[in-house]
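S.K.: So I've got this file, entry_32.cif, and it contains mmCIF, C-alpha atoms (C1' of nucleotides):
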```
data_structure
#
loop_
_atom_site.label_atom_id
_atom_site.label_comp_id
_atom_site.auth_asym_id
_atom_site.auth_seq_id
_atom_site.Cartn_x
_atom_site.Cartn_y
_atom_site.Cartn_z
CA MET A 12 41.87 202.19 94.60
CA THR A 13 43.21 201.03 97.92
CA ASP A 14 46.84 200.34 98.62
CA VAL A 15 47.30 196.60 98.20
CA SER A 16 51.00 196.44 98.98
CA PRO A 17 50.50 195.08 102.52
CA ASP A 18 48.44 192.22 101.06
CA ILE A 19 51.17 191.51 98.54
CA ALA A 20 53.77 191.11 101.27
CA LEU A 21 51.43 188.99 103.37
CA ILE A 22 50.56 186.72 100.48
CA ARG A 23 54.22 186.28 99.58
CA ALA A 24 55.14 185.34 103.12
CA ARG A 25 52.30 182.89 103.55
CA LEU A 26 52.80 181.18 100.23
CA LEU A 27 56.57 180.83 100.63
CA ASP A 28 56.02 179.38 104.08
CA TRP A 29 53.49 176.93 102.65
CA TYR A 30 55.98 175.96 99.93
CA ASP A 31 58.68 175.29 102.51
CA ARG A 32 56.38 172.78 104.12
CA HIS A 33 54.62 171.29 101.09
CA ALA A 34 56.98 171.45 98.12
CA ARG A 35 56.60 168.35 96.00
CA SER A 36 59.57 166.15 95.32
CA LEU A 37 60.04 166.20 91.55
CA ALA A 38 62.77 164.61 89.47
CA TRP A 39 64.12 167.94 88.23
CA ARG A 40 64.17 169.70 91.57
CA ALA A 41 67.25 169.98 93.77
CA PRO A 42 66.83 167.87 96.92
CA PRO A 43 64.88 169.85 99.52
CA GLY A 44 66.98 171.47 102.20
CA THR A 45 70.01 171.80 99.95
CA ARG A 46 70.44 175.41 98.97
CA GLN A 47 72.19 174.55 95.74
CA ARG A 48 70.71 175.70 92.47
CA PRO A 49 69.39 172.95 90.21
CA ASP A 50 71.23 172.18 86.97
CA PRO A 51 70.04 174.67 84.27
CA TYR A 52 70.03 171.88 81.68
CA ARG A 53 67.62 169.85 83.78
CA VAL A 54 65.47 172.85 84.56
CA TRP A 55 65.23 173.79 80.89
CA LEU A 56 64.54 170.20 79.81
CA SER A 57 61.82 169.78 82.42
CA GLU A 58 60.17 173.08 81.51
CA VAL A 59 60.03 172.18 77.83
CA MET A 60 58.62 168.74 78.62
CA LEU A 61 56.05 170.24 80.98
CA GLN A 62 54.65 172.64 78.38
CA GLN A 63 50.97 171.69 78.15
CA THR A 64 51.90 168.33 79.64
CA THR A 65 51.12 166.79 83.01
CA THR A 66 53.86 165.94 85.50
CA PRO A 67 53.10 162.17 85.52
CA HIS A 68 53.28 162.05 81.72
CA ALA A 69 56.53 164.02 81.47
CA THR A 70 58.43 162.41 84.34
CA PRO A 71 59.48 159.11 82.71
CA TYR A 72 60.59 161.01 79.60
CA PHE A 73 62.68 163.29 81.78
CA GLN A 74 64.34 160.27 83.40
CA THR A 75 65.06 158.71 80.01
CA PHE A 76 66.49 161.90 78.53
CA THR A 77 68.74 162.82 81.46
CA SER A 78 69.98 159.27 81.78
CA ARG A 79 70.72 158.98 78.07
CA TRP A 80 71.98 162.54 77.58
CA PRO A 81 73.31 163.80 80.94
CA THR A 82 74.44 167.20 79.65
CA VAL A 83 73.24 169.66 77.05
CA SER A 84 76.33 168.87 74.97
CA ASP A 85 75.45 165.18 74.99
CA LEU A 86 71.99 166.02 73.74
CA ALA A 87 73.40 168.36 71.11
CA ALA A 88 75.53 165.52 69.75
CA ALA A 89 72.58 163.12 69.42
CA GLN A 90 71.07 162.09 66.10
CA ASP A 91 67.80 163.78 65.15
CA ALA A 92 66.03 160.44 64.68
CA GLU A 93 66.95 159.10 68.11
CA VAL A 94 65.74 162.24 69.86
CA MET A 95 62.47 162.27 67.91
CA ALA A 96 61.98 158.58 68.71
CA ALA A 97 62.66 159.22 72.39
CA TRP A 98 60.02 161.99 72.34
CA ALA A 99 57.39 159.77 70.68
CA GLY A 100 54.18 159.77 72.70
CA LEU A 101 54.85 163.04 74.48
CA GLY A 102 53.16 165.18 71.83
CA TYR A 103 53.71 168.66 70.42
CA TYR A 104 56.64 167.38 68.40
CA ALA A 105 57.87 170.83 67.44
CA ARG A 106 59.14 170.90 71.01
CA ALA A 107 61.53 168.03 70.24
CA ARG A 108 62.83 169.69 67.09
CA ASN A 109 63.31 172.97 68.95
CA LEU A 110 64.87 171.10 71.87
CA LEU A 111 67.62 169.79 69.63
CA ALA A 112 68.08 173.15 67.93
CA CYS A 113 68.34 174.78 71.35
CA ALA A 114 70.81 172.23 72.69
CA ARG A 115 72.98 172.70 69.62
CA ALA A 116 72.82 176.48 69.99
CA VAL A 117 73.88 176.27 73.63
CA ALA A 118 76.65 173.78 72.83
CA GLY A 119 77.84 175.56 69.71
CA GLU A 120 77.36 179.22 70.47
CA HIS A 121 77.48 179.39 74.27
CA GLY A 122 80.23 176.88 75.06
CA GLY A 123 77.75 174.41 76.51
CA VAL A 124 76.61 176.89 79.17
CA PHE A 125 73.03 178.16 79.30
CA PRO A 126 72.52 181.95 79.22
CA ASP A 127 71.64 183.12 82.74
CA THR A 128 69.31 185.97 81.81
CA GLU A 129 65.74 186.04 80.58
CA ALA A 130 66.76 187.91 77.45
CA GLY A 131 69.54 185.47 76.66
CA LEU A 132 67.26 182.49 77.22
CA SER A 133 64.45 184.01 75.15
CA ALA A 134 66.69 184.04 72.10
CA LEU A 135 66.93 180.24 72.13
CA PRO A 136 64.69 178.04 69.94
CA GLY A 137 61.55 176.82 71.69
CA VAL A 138 62.10 179.13 74.66
CA GLY A 139 59.23 181.59 74.95
CA ALA A 140 58.25 184.11 77.59
CA TYR A 141 57.21 181.52 80.13
CA THR A 142 60.19 179.16 79.78
CA ALA A 143 62.73 181.98 79.74
CA ALA A 144 61.27 183.41 82.94
CA ALA A 145 61.00 179.99 84.59
CA VAL A 146 64.61 178.99 83.85
CA ALA A 147 65.92 182.42 84.86
CA ALA A 148 64.06 182.22 88.16
CA ILE A 149 64.48 178.54 89.03
CA ALA A 150 67.98 177.83 87.74
CA PHE A 151 69.56 181.26 88.28
CA ASP A 152 67.34 182.75 90.99
CA ARG A 153 66.68 185.87 88.98
CA PRO A 154 63.52 187.91 89.59
CA ALA A 155 61.23 187.06 86.67
CA ASN A 156 57.52 187.10 86.01
CA VAL A 157 56.81 183.40 85.59
CA VAL A 158 53.26 183.15 84.24
CA ASP A 159 51.79 179.83 83.21
CA GLY A 160 48.26 178.50 83.32
CA ASN A 161 48.51 177.87 87.07
CA VAL A 162 49.63 181.42 87.80
CA GLU A 163 46.89 182.84 85.59
CA ARG A 164 44.28 180.84 87.48
CA VAL A 165 45.63 181.81 90.91
CA MET A 166 45.68 185.51 89.96
CA ALA A 167 42.23 185.36 88.41
CA ARG A 168 40.84 183.92 91.63
CA LEU A 169 42.88 185.98 94.04
CA PHE A 170 41.65 189.19 92.42
CA ALA A 171 38.32 187.87 91.07
CA VAL A 172 39.14 189.02 87.55
CA GLU A 173 35.91 189.15 85.56
CA THR A 174 37.46 189.68 82.15
CA PRO A 175 37.47 186.35 80.28
CA VAL A 176 40.65 184.74 79.04
CA PRO A 177 42.36 185.10 76.67
CA GLN A 178 41.57 188.84 76.79
CA ALA A 179 42.52 188.93 80.47
CA ARG A 180 46.06 187.65 79.86
CA PRO A 181 47.81 191.05 80.03
CA GLU A 182 45.95 191.92 83.22
CA LEU A 183 46.74 188.58 84.83
CA ARG A 184 50.39 189.03 83.90
CA ARG A 185 50.39 192.49 85.42
CA LEU A 186 48.90 191.16 88.65
CA ALA A 187 51.47 188.36 88.84
CA GLY A 188 54.19 190.96 88.36
CA LEU A 189 53.13 192.75 91.54
CA PHE A 190 54.62 189.90 93.54
CA ILE A 191 58.03 189.81 91.91
CA ASN A 192 61.06 190.87 93.90
CA ASP A 193 64.59 189.61 94.51
CA GLN A 194 63.68 187.47 97.50
CA ARG A 195 63.71 183.77 96.57
CA PRO A 196 62.47 184.28 93.01
CA GLY A 197 62.84 180.61 92.05
CA ASP A 198 60.97 179.37 95.10
CA TRP A 199 58.26 181.98 94.58
CA ALA A 200 57.64 180.84 91.02
CA GLN A 201 57.46 177.20 92.01
CA ALA A 202 55.33 177.94 95.07
CA LEU A 203 52.76 179.70 92.90
CA MET A 204 52.71 176.89 90.36
CA ASP A 205 52.57 174.18 93.03
CA LEU A 206 49.66 175.95 94.65
CA GLY A 207 47.84 176.08 91.33
CA ALA A 208 48.58 172.42 90.61
CA THR A 209 47.60 170.97 93.97
CA VAL A 210 45.30 173.39 95.83
CA CYS A 211 44.00 176.11 93.52
CA ARG A 212 43.05 173.42 91.01
CA PRO A 213 40.94 174.09 87.91
CA LYS A 214 38.09 172.04 89.38
CA SER A 215 37.18 171.61 93.04
CA PRO A 216 39.79 173.96 94.51
CA LEU A 217 40.83 173.02 98.05
CA CYS A 218 40.29 176.43 99.63
CA ASP A 219 40.32 174.91 103.11
CA LEU A 220 43.96 173.99 102.58
CA CYS A 221 44.93 177.24 100.88
CA PRO A 222 47.44 179.45 102.70
CA ILE A 223 46.10 182.55 100.97
CA ALA A 224 42.36 181.85 101.14
CA ASP A 225 41.92 184.74 103.54
CA PRO A 226 42.79 187.55 101.11
CA CYS A 227 41.32 185.71 98.09
CA ALA A 228 38.50 187.60 96.38
CA GLY A 229 37.48 184.52 94.41
CA ARG A 230 37.04 182.61 97.64
CA ALA A 231 35.05 185.51 99.05
CA SER A 232 32.77 185.45 96.01
CA GLY A 233 31.58 181.98 97.03
CA ASP A 234 32.39 180.48 93.62
CA PRO A 235 36.16 180.43 93.12
CA GLU A 236 35.85 177.74 90.47
CA ARG A 237 34.24 180.29 88.15
CA TYR A 238 37.66 181.91 87.69
CA PRO A 239 39.33 182.37 85.32
CA VAL A 240 36.25 183.29 83.32
CA LYS A 241 36.49 181.80 79.84
CA THR A 242 34.94 182.46 76.48
CA LYS A 243 33.15 179.51 74.98
CA LYS A 244 35.00 176.85 73.06
CA THR A 245 34.93 176.21 69.36
CA ASP A 246 33.94 172.70 68.34
CA ARG A 247 36.37 170.21 66.85
CA PRO A 248 35.84 169.17 63.22
CA GLN A 249 35.77 165.47 62.40
CA ARG A 250 38.18 164.24 59.73
CA LYS A 251 38.73 160.88 58.05
CA GLY A 252 41.76 159.23 56.54
CA VAL A 253 43.48 155.96 55.75
CA ALA A 254 46.71 154.54 57.15
CA TRP A 255 48.50 151.93 55.09
CA VAL A 256 50.27 149.28 57.16
CA LEU A 257 52.57 147.41 54.82
CA PHE A 258 54.59 144.41 56.02
CA ASP A 259 57.42 142.62 54.29
CA ASP A 260 57.99 138.87 54.59
CA GLN A 261 60.07 139.38 57.74
CA GLY A 262 57.28 141.21 59.54
CA ARG A 263 58.94 144.60 59.19
CA VAL A 264 56.79 147.68 58.68
CA ALA A 265 57.01 150.33 55.96
CA VAL A 266 57.51 153.78 57.52
CA GLU A 267 58.42 157.25 56.38
CA THR A 268 59.79 160.37 58.01
CA ARG A 269 57.22 163.16 57.95
CA PRO A 270 58.15 166.66 56.80
CA ASP A 271 59.44 168.98 59.54
CA LYS A 272 56.52 171.38 59.29
CA GLY A 273 52.93 170.69 60.18
CA LEU A 274 51.17 167.95 62.11
CA LEU A 275 53.55 165.39 63.68
CA GLY A 276 56.38 167.23 61.94
CA GLY A 277 59.73 165.46 61.86
CA MET A 278 58.28 162.28 63.33
CA LEU A 279 58.29 158.78 61.99
CA GLY A 280 54.93 157.96 60.38
CA LEU A 281 52.94 155.37 58.52
CA PRO A 282 51.98 156.11 54.93
CA THR A 283 48.56 157.77 54.95
CA SER A 284 46.00 159.39 52.73
CA ASP A 285 45.53 163.13 52.89
CA TRP A 286 43.20 163.61 55.85
CA THR A 287 42.99 167.39 55.61
CA THR A 288 40.12 167.25 53.14
CA GLY A 289 38.02 164.56 54.78
CA GLU A 290 38.15 162.30 51.73
CA PRO A 291 38.67 158.70 52.93
CA LEU A 292 38.38 156.99 49.53
CA THR A 293 41.99 157.56 48.57
CA PRO A 294 43.40 154.95 46.18
CA PRO A 295 46.14 152.76 47.68
CA PRO A 296 49.64 154.18 47.26
CA ILE A 297 50.88 150.91 45.80
CA ASP A 298 49.22 147.92 44.27
CA ALA A 299 48.80 145.16 46.86
CA ASP A 300 46.18 142.87 48.33
CA TRP A 301 44.93 145.45 50.85
CA ARG A 302 42.67 144.33 53.62
CA ASP A 303 40.50 146.64 55.70
CA VAL A 304 41.10 145.84 59.38
CA GLY A 305 38.82 148.50 60.82
CA SER A 306 39.58 151.95 62.14
CA VAL A 307 41.01 153.82 65.09
CA GLU A 308 39.88 157.09 66.65
CA HIS A 309 42.29 159.81 67.67
CA VAL A 310 41.77 163.31 69.01
CA PHE A 311 44.22 166.06 68.11
CA THR A 312 44.17 169.57 69.50
CA HIS A 313 41.97 171.03 66.79
CA PHE A 314 40.30 168.08 65.06
CA SER A 315 39.20 164.49 65.61
CA LEU A 316 40.33 161.78 63.25
CA THR A 317 38.85 158.46 62.20
CA LEU A 318 41.69 156.55 60.64
CA THR A 319 40.80 153.49 58.58
CA VAL A 320 43.59 150.94 58.73
CA MET A 321 44.49 148.93 55.63
CA THR A 322 47.14 146.26 55.72
CA ALA A 323 48.99 144.06 53.19
CA ARG A 324 52.28 142.46 52.33
CA GLY A 325 54.23 144.06 49.55
CA GLU A 326 57.18 145.97 48.26
CA ALA A 327 58.09 149.34 49.73
CA ARG A 328 57.78 152.43 47.59
CA ALA A 329 60.42 155.15 47.19
CA GLY A 330 60.50 157.31 50.33
CA TRP A 331 59.49 154.43 52.55
CA ARG A 332 61.81 152.19 54.46
CA TRP A 333 61.43 148.97 56.39
CA MET A 334 61.71 149.06 60.14
CA PRO A 335 61.48 146.15 62.60
CA PHE A 336 58.07 146.10 64.23
CA GLU A 337 59.12 146.89 67.81
CA ALA A 338 61.41 149.75 66.81
CA ALA A 339 58.65 151.28 64.71
CA ARG A 340 56.05 150.81 67.42
CA ALA A 341 58.26 152.67 69.93
CA ALA A 342 59.20 155.53 67.63
CA LEU A 343 55.75 156.29 66.20
CA PRO A 344 53.47 159.00 67.57
CA THR A 345 50.41 157.67 69.35
CA VAL A 346 47.98 157.93 66.45
CA PHE A 347 50.17 155.64 64.35
CA ALA A 348 50.93 153.32 67.25
CA LYS A 349 47.17 152.81 67.54
CA ALA A 350 46.92 152.05 63.82
CA LEU A 351 49.82 149.63 63.99
CA ASP A 352 48.26 147.85 66.96
CA ARG A 353 45.01 147.62 65.07
CA ALA A 354 46.73 146.09 62.07
CA THR A 355 48.57 143.61 64.26
CA VAL A 356 45.56 142.49 66.26
CA GLU A 357 43.28 142.16 63.28
CA SER A 358 45.75 140.74 60.83
CA ASP A 359 46.62 137.10 60.32
CA LEU A 360 49.77 138.02 58.43
CA PHE A 361 51.93 136.73 61.25
CA LEU A 362 50.09 133.44 61.61
"C1'" DC B 1 47.00 187.50 66.26
"C1'" DA B 2 44.29 183.71 65.88
"C1'" DA B 3 45.35 179.26 64.26
"C1'" DC B 4 48.09 175.46 64.66
"C1'" DC B 5 50.30 171.89 67.29
"C1'" DG B 6 49.49 165.79 70.90
"C1'" DT B 7 48.37 163.19 74.48
"C1'" DG B 8 46.33 161.15 78.52
"C1'" DG B 9 43.78 161.82 82.77
"C1'" DT B 10 39.53 163.30 84.83
"C1'" DG B 11 34.75 164.69 86.37
"C1'" DT C 8 30.70 159.93 76.82
"C1'" DC C 9 32.88 163.99 76.30
"C1'" DA C 10 34.57 168.52 77.36
"C1'" DC C 11 38.11 170.26 79.79
"C1'" DC C 12 42.80 171.04 80.43
"C1'" DA C 13 47.95 170.50 81.61
"C1'" DA C 14 54.87 174.30 84.16
"C1'" DG C 15 53.17 177.15 75.92
"C1'" DG C 16 55.70 178.34 71.45
"C1'" DT C 17 55.64 179.58 66.72
"C1'" DT C 18 53.88 181.71 62.70
#
```
Once more with this new file: its structure as structure tokens, please.

M.R.:
Amino acid sequence: MTDVSPDIALIRARLLDWYDRHARSLAWRAPPGTRQRPDPYRVWLSEVMLQQTTTPHATPYFQTFTSRWPTVSDLAAAQDAEVMAAWAGLGYYARARNLLACARAVAGEHGGVFPDTEAGLSALPGVGAYTAAAVAAIAFDRPANVVDGNVERVMARLFAVETPVPQARPELRRLAGLFINDQRPGDWAQALMDLGATVCRPKSPLCDLCPIADPCAGRASGDPERYPVKTKKTDRPQRKGVAWVLFDDQGRVAVETRPDKGLLGGMLGLPTSDWTTGEPLTPPPIDADWRDVGSVEHVFTHFSLTLTVMTARGEARAGWRWMPFEAARAALPTVFAKALDRATVESDLFL
DNA sequence: CAACCGTGGTG
DNA sequence: TCACCAAGGTT
């Protein structure tokens, strides 16, 4: 084993220099040039929103949240339903429930001030290893091993790691840790992630633009895109279900709040059949003149769903409540928004 | 610890 | 069209 410490220092210097010249302007970043630390609330909020979510998708939500709830205490004081509605469409709804729980913990148990250590941050709801490290580094400039999918990919390529993920995770984390020191920890973390997002991309990496192409073993291999090596995927099962779109005579829609646990937990929903068993021929939940208006397709993380949409006018059942169409449309997760749109387009109930 | 948990863009 | 995948966390 050769001594790689000179390469580590070189890579750090080159990447930080690249970041100084190419850092993206993002809504949650402090203006470039200003040495001030960004607001921990905004850093935390952005990191939670960016979990498994692209920057273009998260950005408008970030603007809405910070405009509506400028501080963590404002967010802590919000109603559950308004926060869940504001999160609708962003996905992984446990994040929104944990976001509120975290805001209330910070407001109630920490005087409205975020903990400034990784350990303190890790104790908060919805804050895992990555987010704790990212907030500690970016908001508080503490040395922390910030390892997300970008960092894993950069390390896998830089060192041509042949072990497939997810088995390689500990090794990739160890390699990322080699670069951590107390010099500009927040900038280092963001430089590494920016590089992964814009240059060391999953597909078609732009090695010609990469500031650390020279020491990169993946580049030297001639096929950097092969890294990180992955084990093969498991296929997605296909499920079927029925959504019941019930209108009253004012055009309002019957909705229900879904249980906190499980798929779309805590979100507003349309009444549906059980789609976990793949049995679409569920009897209607209430007696009405139901009309089949076709179906919508939706892909979740671990299954695909064909949702048959039935619509009628009628009386709401216990557990349901009427909501004006536009309010419901805005607060529903995407799968139900699709169903509602289907019912509206195909129905003559409004004519 | 593997399974569960959304959505939209992309090649 | 469809598989991949994005600033992951929880159980």

S.K.: What's the 10 Å shell around DT17 (chain C), counting all atoms listed in the file, without same-chain residues fewer than 5 positions away, as an mmCIF file with C-alpha atoms (C1' of nucleotides), in the coordinates of the input?

M.R.:
```cif
data_model
loop_
_atom_site.group_PDB
_atom_site.id
_atom_site.type_symbol
_atom_site.label_atom_id
_atom_site.label_comp_id
_atom_site.auth_asym_id
_atom_site.auth_seq_id
_atom_site.Cartn_x
_atom_site.Cartn_y
_atom_site.Cartn_z
ATOM 1 C CA ALA A 105 57.870 170.830 67.440
ATOM 2 C CA PRO A 136 64.690 178.040 69.940
ATOM 3 C CA GLY A 137 61.550 176.820 71.690
ATOM 4 C CA GLY A 139 59.230 181.590 74.950
ATOM 5 C "C1'" DC B 4 48.090 175.460 64.660
ATOM 6 C "C1'" DC B 5 50.300 171.890 67.290
#
```

S.K.: Running the PyMOL selection byres ((chain A) within 8 of (chain B)) on this model by hand, what would come out? Give it as a list in words.

M.R.: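 Taken on the displayed file, the PyMOL selection byres ((chain A) within 8 of (chain B)) yields the residues His68, Gly100, Leu101, Gly102, Tyr103, Tyr104, Ala105, Gly273, Leu274, Phe311, Thr312, His313 and Thr345 of chain A.
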
S.K.: Which chain A residues are at most 7 Å from chain C (counting all atoms listed in the file), as a compact mmCIF listing (two decimals) with C-alpha atoms, keeping the file's coordinate frame?

M.R.:
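part-v7.txt, written as the output of this step:
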```
# COMPACT_ATOMS: atom_id res chain seq x y z
CA GLU A 58 60.17 173.08 81.51
CA LEU A 61 56.05 170.24 80.98
CA GLN A 62 54.65 172.64 78.38
CA GLN A 63 50.97 171.69 78.15
CA THR A 64 51.90 168.33 79.64
CA THR A 65 51.12 166.79 83.01
CA GLY A 137 61.55 176.82 71.69
CA GLY A 139 59.23 181.59 74.95
CA ASP A 159 51.79 179.83 83.21
```

S.K.: Applying 9 Å and all atoms listed in the file, which residues near Leu257 (chain A) remain after dropping the ones on its own chain fewer than 5 positions away? List them as a list in words.

M.R.: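 The residues satisfying every condition are Arg263, Val264, Ala265, Val266, Leu281, Pro282, Trp301, Met321, Thr322, Ala323, Arg324, Gly325, Glu326 and Ala327 of chain A.
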
S.K.: Counting all atoms listed in the file, figure out which residue out of A:Val240, A:Val176, A:Val304, A:Val165 gets nearest to Cys221 (chain A).

M.R.: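 Residue with the minimum atom-to-atom distance to Cys221 (chain A): A:Val165.
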
S.K.: Could you tell me how far CA of Ala107 (chain A) sits from CA of Gln90 (chain A), in Å to one decimal place?

M.R.: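 Going from CA of Gln90 (chain A) over to CA of Ala107 (chain A), I get 12.0 Å.
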
S.K.: For the structure provided, state which residues fall under the PyMOL selection byres ((chain A and resi 271) around 12), and present them as a list of chain:residue names.

M.R.: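 Taken over the shown coordinates, the PyMOL selection byres ((chain A and resi 271) around 12) returns A:Asp91, A:Ala92, A:Met95, A:Tyr104, A:Ala105, A:Arg106, A:Ala107, A:Arg108, A:Asn109, A:Thr268, A:Arg269, A:Pro270, A:Lys272, A:Gly273, A:Leu274, A:Leu275, A:Gly276, A:Gly277, A:Met278, A:Leu279, A:Gly280.
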
S.K.: For CA of Leu110 (chain A) and CA of Gln74 (chain A), determine how far apart the two atoms are, in Å to one decimal place.

M.R.: 15.8 Å

S.K.: When distances are computed from all atoms listed in the file, which of A:Gln201, A:Thr174, A:Thr75, A:Gln261 shows the smallest separation from Arg237 (chain A)?

M.R.: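 Answer, going by the shortest atom-to-atom distance: A:Thr174.
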
S.K.: Suppose a student applies the PyMOL selection byres ((chain A and resi 252) around 8) to this structure; what residues should they get, written as a ChimeraX atom specification?

M.R.: /A:250-251,253-254,283-286,289-291,316-319

S.K.: Between CA of Asp193 (chain A) and CA of Ser133 (chain A), what is the distance, to one decimal in Å?

M.R.: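 Going from CA of Asp193 (chain A) over to CA of Ser133 (chain A), I get 20.2 Å.
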
S.K.: Can you pull out the residues contacting Ala342 (chain A)? Cut-off 7 Å, using all atoms listed in the file, and skip same-chain residues under 6 positions away; I want them as a list in words.

M.R.: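 Here the answer would be Ala96, Ala97, Ala99 and Leu279 of chain A.
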
S.K.: Determine the nearest neighbour of Ala187 (chain A) from the options A:Ser215, A:Thr77, A:Asn156, A:Thr209, counting all atoms listed in the file.

M.R.: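 Looking only at the distances to Ala187 (chain A), the closest residue turns out to be A:Asn156.
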
S.K.: Identify which of the residues A:Ala341, A:Ala88, A:Val83, A:Ala140 lies closest to Gly123 (chain A), counting all atoms listed in the file when measuring atom-to-atom distances.

M.R.: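 Of all the options, A:Val83 lies closest to Gly123 (chain A).
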
S.K.: Please identify all polymer residues within 9 Å of Ala118 (chain A), counting all atoms listed in the file, omitting same-chain residues fewer than 4 positions from it, and present them as a list in words.

M.R.: Val83, Ser84, Asp85, Ala87, Ala88, Cys113, Ala114, Gly122, Gly123, Val124 and Phe125 of chain A

S.K.: Using 5 Å of padding on each side, determine the axis-aligned box around all atoms of chain C present in the file and give its centre and edge lengths in Å to one decimal, as JSON.

M.R.:
```
{"center_x": 43.2, "center_y": 170.8, "center_z": 73.4, "size_x": 35.0, "size_y": 31.8, "size_z": 31.5}
```

S.K.: For chain C of the block above, can you save N, CA, C and O atoms (P, O5', C5', C4', C3', O3' and C1' of nucleotides) as a tab-separated table (two decimals), in the first residue's frame?

M.R.:
```tsv
chain	number	residue	atom	x	y	z
C	8	DT	P	-45.32	4.89	-24.16
C	8	DT	O5'	-44.03	3.94	-24.05
C	8	DT	C5'	-44.07	2.71	-24.77
C	8	DT	C4'	-42.98	1.79	-24.25
C	8	DT	C3'	-43.05	1.53	-22.74
C	8	DT	O3'	-42.63	0.21	-22.50
C	8	DT	C1'	-40.99	2.57	-23.24
C	9	DC	P	-42.97	-0.49	-21.10
C	9	DC	O5'	-41.59	-0.36	-20.32
C	9	DC	C5'	-40.38	-0.73	-20.97
C	9	DC	C4'	-39.18	-0.27	-20.15
C	9	DC	C3'	-39.43	-0.30	-18.63
C	9	DC	O3'	-38.25	-0.74	-18.00
C	9	DC	C1'	-38.74	1.83	-19.26
C	10	DA	P	-38.31	-1.76	-16.80
C	10	DA	O5'	-36.78	-1.78	-16.34
C	10	DA	C5'	-35.75	-1.74	-17.32
C	10	DA	C4'	-34.68	-0.77	-16.89
C	10	DA	C3'	-34.39	-0.80	-15.39
C	10	DA	O3'	-33.00	-0.83	-15.19
C	10	DA	C1'	-35.00	1.41	-16.05
C	11	DC	P	-32.40	-0.88	-13.74
C	11	DC	O5'	-31.88	0.61	-13.58
C	11	DC	C5'	-31.19	1.24	-14.66
C	11	DC	C4'	-30.98	2.69	-14.33
C	11	DC	C3'	-30.63	2.96	-12.86
C	11	DC	O3'	-29.45	3.74	-12.80
C	11	DC	C1'	-32.41	4.34	-13.56
C	12	DC	P	-28.58	3.75	-11.49
C	12	DC	O5'	-29.11	5.10	-10.83
C	12	DC	C5'	-28.96	6.32	-11.54
C	12	DC	C4'	-29.72	7.39	-10.81
C	12	DC	C3'	-29.70	7.21	-9.29
C	12	DC	O3'	-29.61	8.46	-8.66
C	12	DC	C1'	-31.87	7.51	-10.00
C	13	DA	P	-28.30	8.71	-7.73
C	13	DA	O5'	-28.60	10.26	-7.48
C	13	DA	C5'	-28.99	11.01	-8.61
C	13	DA	C4'	-29.85	12.14	-8.16
C	13	DA	C3'	-29.64	12.61	-6.74
C	13	DA	O3'	-29.57	14.02	-6.74
C	13	DA	C1'	-31.91	11.92	-7.04
C	14	DA	P	-27.96	14.35	-6.48
C	14	DA	O5'	-27.93	14.12	-4.92
C	14	DA	C5'	-27.64	15.20	-4.03
C	14	DA	C4'	-27.71	14.61	-2.63
C	14	DA	C3'	-29.12	14.40	-2.12
C	14	DA	O3'	-29.06	13.48	-1.03
C	14	DA	C1'	-28.12	16.23	-1.05
C	15	DG	P	-29.51	12.00	-1.28
C	15	DG	O5'	-30.26	11.62	0.07
C	15	DG	C5'	-29.55	11.04	1.17
C	15	DG	C4'	-30.54	10.99	2.31
C	15	DG	C3'	-30.00	10.34	3.59
C	15	DG	O3'	-30.53	11.07	4.69
C	15	DG	C1'	-31.83	9.11	2.76
C	16	DG	P	-30.28	10.60	6.22
C	16	DG	O5'	-31.66	9.92	6.62
C	16	DG	C5'	-32.85	10.70	6.49
C	16	DG	C4'	-33.97	10.06	7.27
C	16	DG	C3'	-33.55	9.43	8.59
C	16	DG	O3'	-34.56	9.68	9.56
C	16	DG	C1'	-34.42	7.75	7.14
C	17	DT	P	-34.53	8.94	11.01
C	17	DT	O5'	-35.50	7.70	10.79
C	17	DT	C5'	-36.79	7.93	10.23
C	17	DT	C4'	-37.60	6.66	10.25
C	17	DT	C3'	-37.55	5.87	11.57
C	17	DT	O3'	-38.86	5.41	11.83
C	17	DT	C1'	-36.91	4.47	9.78
C	18	DT	P	-39.24	4.77	13.22
C	18	DT	O5'	-39.33	3.20	12.91
C	18	DT	C5'	-40.22	2.77	11.89
C	18	DT	C4'	-40.04	1.28	11.66
C	18	DT	C3'	-39.78	0.46	12.93
C	18	DT	O3'	-40.53	-0.74	12.90
C	18	DT	C1'	-38.12	0.01	11.35
```
